[in-house]
Every structure is written in C-alpha cells, then in structure tokens.
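Enquirer: Please find target16.txt (compact mmCIF, C-alpha atoms) on the next line:
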# COMPACT_ATOMS: atom_id res chain seq x y z
CA SER A 1 -49.95 79.41 106.64
CA GLY A 2 -48.56 76.01 107.57
CA GLN A 3 -51.17 74.28 105.40
CA PRO A 4 -49.81 71.48 103.20
CA ARG A 5 -49.92 72.35 99.53
CA ALA A 6 -52.58 70.59 97.47
CA ARG A 7 -51.33 67.63 95.52
CA ARG A 8 -50.86 68.19 91.80
CA VAL A 9 -51.74 65.99 88.82
CA GLY A 10 -50.74 66.61 85.22
CA VAL A 11 -53.05 65.28 82.51
CA GLN A 12 -51.61 65.59 79.02
CA ALA A 13 -53.99 65.71 76.06
CA GLY A 14 -51.88 63.89 73.49
CA HIS A 15 -51.08 65.84 70.30
CA TRP A 16 -52.80 69.01 71.57
CA GLN A 17 -51.04 72.15 70.30
CA THR A 18 -48.25 70.10 68.74
CA GLN A 19 -47.79 72.86 66.18
CA LEU A 20 -46.54 75.11 69.00
CA ALA A 21 -43.83 72.68 70.09
CA PRO A 22 -40.24 74.00 70.32
CA PRO A 23 -37.52 72.93 67.85
CA GLU A 24 -36.17 70.34 70.30
CA LEU A 25 -39.41 68.40 69.84
CA GLY A 26 -39.22 68.76 66.06
CA ARG A 27 -39.43 65.04 65.42
CA ILE A 28 -42.94 64.91 66.87
CA LEU A 29 -44.30 67.89 64.90
CA ALA A 30 -45.50 65.51 62.19
CA GLN A 31 -47.28 63.33 64.75
CA THR A 32 -50.69 64.94 64.77
CA GLY A 33 -52.64 61.96 66.07
CA THR A 34 -55.08 59.62 64.40
CA SER A 35 -58.64 60.24 63.21
CA TRP A 36 -61.58 58.21 61.97
CA ALA A 37 -65.09 58.99 60.75
CA GLY A 38 -64.46 62.72 61.12
CA ILE A 39 -63.42 62.45 64.77
CA THR A 40 -59.84 63.27 65.73
CA GLU A 41 -57.79 61.75 68.49
CA VAL A 42 -56.89 65.24 69.72
CA GLU A 43 -60.49 66.25 70.39
CA ILE A 44 -61.09 62.99 72.29
CA ASN A 45 -57.90 63.42 74.34
CA LEU A 46 -58.66 67.05 75.18
CA ASP A 47 -62.28 66.35 76.11
CA ILE A 48 -61.41 63.49 78.47
CA ALA A 49 -58.41 65.35 79.94
CA GLY A 50 -60.68 68.27 80.80
CA ARG A 51 -63.21 65.96 82.43
CA ILE A 52 -60.51 64.23 84.51
CA ALA A 53 -59.14 67.60 85.63
CA ALA A 54 -62.61 68.76 86.68
CA ILE A 55 -63.15 65.60 88.76
CA LEU A 56 -59.76 65.95 90.45
CA ARG A 57 -60.31 69.65 91.19
CA GLY A 58 -63.63 68.71 92.76
CA LYS A 59 -61.65 66.55 95.18
CA GLY A 60 -59.38 69.43 96.16
CA LEU A 61 -56.44 68.51 93.95
CA VAL A 62 -54.59 70.81 91.57
CA ALA A 63 -54.95 69.51 88.01
CA ASP A 64 -53.15 70.79 84.93
CA VAL A 65 -54.33 69.97 81.41
CA LEU A 66 -51.08 69.94 79.47
CA PRO A 67 -50.38 70.21 75.73
CA THR A 68 -47.63 68.49 73.73
CA THR A 69 -45.02 70.82 75.22
CA ILE A 70 -44.58 69.88 78.89
CA PRO A 71 -43.05 72.64 81.05
CA PRO A 72 -39.36 71.68 81.50
CA GLY A 73 -38.91 69.61 84.65
CA TYR A 74 -42.67 69.54 85.35
CA VAL A 75 -43.24 68.37 88.94
CA ALA A 76 -46.45 66.68 90.06
CA ASP A 77 -47.62 63.82 92.26
CA ALA A 78 -48.77 61.99 89.12
CA PHE A 79 -48.64 62.57 85.37
CA VAL A 80 -50.87 60.79 82.85
CA SER A 81 -50.62 61.25 79.08
CA LEU A 82 -53.84 60.44 77.20
CA HIS A 83 -53.86 59.06 73.66
CA GLY A 84 -56.02 57.10 71.24
CA ASP A 85 -54.83 54.51 68.75
CA GLY A 86 -55.65 53.70 65.15
CA ASP A 87 -55.08 50.61 63.02
CA GLY A 88 -56.14 52.02 59.65
CA VAL A 89 -58.79 49.38 59.05
CA GLY A 90 -61.13 49.44 62.04
CA ALA A 91 -60.40 45.90 63.20
CA LYS A 92 -58.55 46.32 66.49
CA SER A 93 -60.05 47.20 69.88
CA GLY A 94 -58.63 47.59 73.38
CA PHE A 95 -56.53 49.83 75.61
CA LYS A 96 -52.95 49.81 76.86
CA ILE A 97 -50.85 51.65 79.40
CA ALA A 98 -47.09 51.91 79.94
CA HIS A 99 -44.40 53.63 81.97
CA SER A 100 -40.68 54.12 81.49
CA THR A 101 -38.04 52.05 83.25
CA ARG A 102 -35.89 55.07 84.13
CA ARG A 103 -38.29 56.45 86.71
CA THR A 104 -39.37 56.14 90.32
CA PRO A 105 -40.36 53.00 92.27
CA TYR A 106 -44.02 54.04 91.99
CA GLU A 107 -44.79 53.93 88.27
CA GLY A 108 -46.02 50.36 88.55
CA ALA A 109 -48.54 51.25 91.24
CA LEU A 110 -49.92 54.21 89.24
CA LEU A 111 -50.20 52.02 86.16
CA ALA A 112 -51.92 49.19 88.04
CA ALA A 113 -54.50 51.46 89.69
CA ILE A 114 -55.52 53.14 86.43
CA LYS A 115 -55.45 49.87 84.47
CA GLN A 116 -57.79 48.13 86.92
CA GLU A 117 -60.30 50.99 87.14
CA TYR A 118 -60.27 51.54 83.37
CA ALA A 119 -60.72 47.87 82.49
CA GLU A 120 -63.64 47.50 84.90
CA ALA A 121 -65.39 50.69 83.77
CA THR A 122 -64.99 50.21 80.01
CA GLY A 123 -65.04 46.44 79.56
CA LEU A 124 -62.27 46.88 76.99
CA ASP A 125 -59.67 44.17 76.54
CA TYR A 126 -56.10 44.96 77.55
CA ASP A 127 -53.92 45.06 74.44
CA SER A 128 -50.72 43.87 76.09
CA ALA A 129 -49.13 42.92 72.75
CA GLY A 130 -49.61 46.48 71.56
CA VAL A 131 -47.51 48.13 74.29
CA SER A 132 -44.73 49.51 72.14
CA ARG A 133 -41.22 50.77 72.64
CA ALA A 134 -42.56 54.19 71.63
CA MET A 135 -44.85 54.11 74.66
CA SER A 136 -42.13 52.99 77.10
CA PHE A 137 -39.74 55.62 75.73
CA TYR A 138 -42.34 58.40 75.42
CA TYR A 139 -40.58 61.79 75.32
CA ALA A 140 -42.54 63.25 78.24
CA PHE A 141 -40.97 60.61 80.52
CA SER A 142 -37.49 60.99 79.10
CA TRP A 143 -36.06 63.47 81.60
CA SER A 144 -32.52 62.27 80.92
CA ARG A 145 -32.61 63.32 77.27
CA VAL A 146 -35.56 65.68 76.71
CA ARG A 147 -35.88 69.05 78.43
CA TYR A 148 -39.66 69.24 77.94
CA SER A 149 -40.53 66.33 80.19
CA ALA A 150 -41.85 65.52 83.64
CA ALA A 151 -39.32 65.70 86.47
CA PRO A 152 -37.58 62.45 87.47
CA HIS A 153 -39.57 62.07 90.70
CA THR A 154 -42.97 62.53 89.04
CA PRO A 155 -44.67 59.11 88.59
CA SER A 156 -45.73 59.07 84.93
CA VAL A 157 -47.70 56.81 82.59
CA ILE A 158 -49.07 56.93 79.05
CA LEU A 159 -52.57 55.56 78.42
CA GLU A 160 -53.86 54.58 74.98
CA MET A 161 -57.56 54.75 75.81
CA GLY A 162 -58.77 52.72 72.83
CA PHE A 163 -58.77 52.62 69.05
CA VAL A 164 -60.30 55.70 67.44
CA SER A 165 -60.60 53.51 64.33
CA SER A 166 -62.85 51.03 66.21
CA ASP A 167 -66.55 51.90 66.11
CA HIS A 168 -67.02 50.47 69.61
CA ASP A 169 -63.95 52.10 71.19
CA ARG A 170 -64.69 55.43 69.52
CA TRP A 171 -68.28 55.29 70.79
CA LEU A 172 -66.97 54.74 74.32
CA MET A 173 -64.47 57.59 74.04
CA THR A 174 -67.07 60.04 72.71
CA GLU A 175 -70.47 58.95 74.07
CA ARG A 176 -69.18 57.57 77.39
CA ALA A 177 -66.35 60.04 77.93
CA GLU A 178 -67.51 60.78 81.48
CA VAL A 179 -67.29 57.08 82.42
CA LEU A 180 -63.76 56.87 81.05
CA ALA A 181 -62.69 60.09 82.75
CA SER A 182 -64.16 58.99 86.08
CA ALA A 183 -62.32 55.66 85.92
CA ILE A 184 -58.98 57.33 85.17
CA ALA A 185 -59.51 59.92 87.91
CA THR A 186 -60.46 57.18 90.39
CA GLY A 187 -57.27 55.28 89.56
CA ILE A 188 -55.18 58.40 90.06
CA VAL A 189 -56.83 59.19 93.42
CA ARG A 190 -56.38 55.58 94.57
CA PHE A 191 -52.69 55.87 93.78
CA LEU A 192 -52.32 59.22 95.57
CA ASP A 193 -54.17 57.96 98.65
CA ALA A 194 -51.78 55.02 98.90
CA HIS A 195 -48.64 57.08 98.23
CA PRO A 196 -48.28 60.25 100.32
CA ARG A 197 -46.07 62.98 98.91
CA GLU A 198 -43.20 62.42 101.34
CA LYS A 199 -43.07 58.82 100.13
CA LEU A 200 -43.08 59.75 96.45
CA PHE A 201 -40.33 62.31 96.71
CA GLY A 202 -38.19 60.52 99.26
CA GLU A 203 -36.99 57.56 97.21
CA ASP A 204 -34.13 57.06 94.82
CA LEU A 205 -34.88 56.78 91.13
CA LEU A 206 -34.87 53.41 89.43
CA VAL A 207 -32.21 53.93 86.81
CA PRO A 208 -30.93 50.70 85.30
CA ALA A 209 -27.41 49.92 86.50
CA PRO A 210 -24.73 50.21 83.83
CA VAL A 211 -23.35 46.96 82.49
CA PHE A 212 -19.55 46.84 82.68
CA ARG A 213 -17.86 44.52 80.23
CA PHE A 214 -14.32 43.61 81.22
CA PRO A 215 -11.95 42.05 78.70
CA THR A 216 -11.30 38.38 79.23
CA PRO A 217 -7.78 38.00 80.59
CA THR A 218 -5.37 36.27 78.30
CA PRO A 219 -4.17 33.00 79.84
CA ALA A 220 -0.48 33.00 80.79
CA ARG A 221 1.63 30.89 78.47
Would you encode the structure as structure tokens?

Expert:
Amino acid sequence: SGQPRARRVGVQAGHWQTQLAPPELGRILAQTGTSWAGITEVEINLDIAGRIAAILRGKGLVADVLPTTIPPGYVADAFVSLHGDGDGVGAKSGFKIAHSTRRTPYEGALLAAIKQEYAEATGLDYDSAGVSRAMSFYYAFSWSRVRYSAAPHTPSVILEMGFVSSDHDRWLMTERAEVLASAIATGIVRFLDAHPREKLFGEDLLVPAPVFRFPTPTPAR
C-alpha cells in the first residue's frame, strides 16, 4: 500500500499475570506487587495502562497492554512499564521514573517528557532518592541477559506512579486515573513527535565501553 505503518507503543501493567511467567522469569514469580486498604497495585496498573492505550489508539497509534511476560525481543517506538510503590506504613508519597544505561540515545528524552507531564498533572513530588538499582536494571529492559524483554532499539522506561500505601497517592491513582493516564500518554506522544521512527532505529546503542585493566609494567632493574 505504501502507507507507513502506525507507530507502536507498549504499556506494561506491572505484575499483571505474573503467575503465567515462564521459568526464566522465576525470580519474579514471588513479586506480586503491593496493596493497601484492599486495593492492589496490579488493578491500578492495569486500569491506567488500559486508559493510556485507549488514548493512544484514539490518536492513530498501535498500543499494546502487556503483562509481566514481554514477547521476546518486543519492538516498539516506546515502551513504558507502570508500577506503584509501597512503604508499609503510609508515610511516603511521590513518583519516580528510570531507564537503563544499556539502551538507545533516546531513553532520556522519553523519561523527561513523561516526567514533566506527570509532575504537572499530578502535583506529586519527584522521589529522586527512591530511584533504585532494581528500576535501572528492570528485567524488561535487560535485552542482553533476559529473553523476555524489549528489543535493544526500543526506548524504554519504568514509572512508579505513586505510593499505593499513601492515601493521597492512592486516591490520585484510583479516583484521578484518567488524569494520570492522559499525562503519561501526552508525554509519550510528545516524545514520538520529536523522534521519528527512522531516527529511533538508525542510531547505535549506548552500551558502556568495557574497562581494560593492563598490568603495571615492572620497572627494569
């Protein structure tokens, strides 16, 4: 037909269908997500993922709502994994977002666009101190060691939308889910508009250079 294919976005609902994960992902089978006051992280993630997908489809994009098990080598113009946090006591509030270092040159731009839209729409503080190694090394980004992950050239981020254990954050994620979904979708579209497909898939990956350690030569006697 000669028509360019619609751009594709993957939205992962964190912890959804984890019980169906293959043996390779066995270490995450016990990670079922947090819950508080009878509301589970999974239901929040799935609800907002579905809303984001609907908004993106309304703009002519292809949107996949993905479970724990990512199709091996999943290719898209952007991939966002949605999660909620919990502190066990109900004290903490805020959101955070991260990407891996072993990715494309465009992760930072995807992160920045979503972070700005989300902060403005929700009024939540950015929990920079809470960005963990587990987020930066999230399995769905780890194409070099996990088969069930997004392809190397797919710009990918993980978003912790707020604390399910916080009454305020949980209210936002449940009673203002459409506001949150709209902000995330707007950030994604902003990123896609600024980064055409030929740009995304035409660059080398940013894989950290190996560090070579040469022995110190022994001085001649």

Enquirer: Would you compute the distance between atom CA of Ile114 of chain A and atom CA of Gly88 of chain A? Give it in Å to one decimal.

Expert: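 Answer for the atom CA of Ile114 of chain A to atom CA of Gly88 of chain A separation: 26.8 Å.
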
Enquirer: Would you mind reading off the distance between atom CA of Ala185 of chain A and atom CA of Ala109 of chain A, one decimal, in Å?

Expert: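 Interatomic distance here is 14.4 Å.
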
Enquirer: Counting all atoms listed in the file, which residue out of A:Leu192, A:Ala177, A:Ala76, A:Ile48 sits closest to Ala113 of chain A?

Expert: A:Leu192

Enquirer: Go through segment 69-117 of chain A residue by residue and, counting only C-alpha atoms, keep those with an atom at most 8 Å from segment 131-139 of chain A; for each kept residue give the shortest atom pair and its distance in Å to one decimal, ordered by chain and increasing number, as JSON lines.

Expert:
{"residue": "A:Lys96", "atom": "CA", "partner": "A:Val131", "partner_atom": "CA", "distance": 6.2}
{"residue": "A:Ile97", "atom": "CA", "partner": "A:Val131", "partner_atom": "CA", "distance": 7.0}
{"residue": "A:Ala98", "atom": "CA", "partner": "A:Ser136", "partner_atom": "CA", "distance": 5.8}
{"residue": "A:His99", "atom": "CA", "partner": "A:Ser136", "partner_atom": "CA", "distance": 5.4}
{"residue": "A:Ser100", "atom": "CA", "partner": "A:Ser136", "partner_atom": "CA", "distance": 4.8}
{"residue": "A:Thr101", "atom": "CA", "partner": "A:Ser136", "partner_atom": "CA", "distance": 7.4}

Enquirer: Within 10 Å of (-36.3, 57.7, 84.1) (coordinates as in the file), grab all the protein and nucleic acid residues, counting all atoms listed in the file, and write them out as a ChimeraX atom specification.

Expert: /A:99-104,137,141-145,150-156,205-208

Enquirer: Show which residues sit within 12 Å of Arg170 of chain A, as a PyMOL selection string. Count only C-alpha atoms, and ignore same-chain residues fewer than 5 positions away.

Expert: chain A and resi 34-41+43-45+84-86+90+92-95+122+124+161-165+175-177+180

Enquirer: What does the distance between atom CA of Arg197 of chain A and atom CA of Val65 of chain A come to in Å, to one decimal place?

Expert: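 Atom-to-atom, atom CA of Arg197 of chain A to atom CA of Val65 of chain A, that is 20.6 Å.
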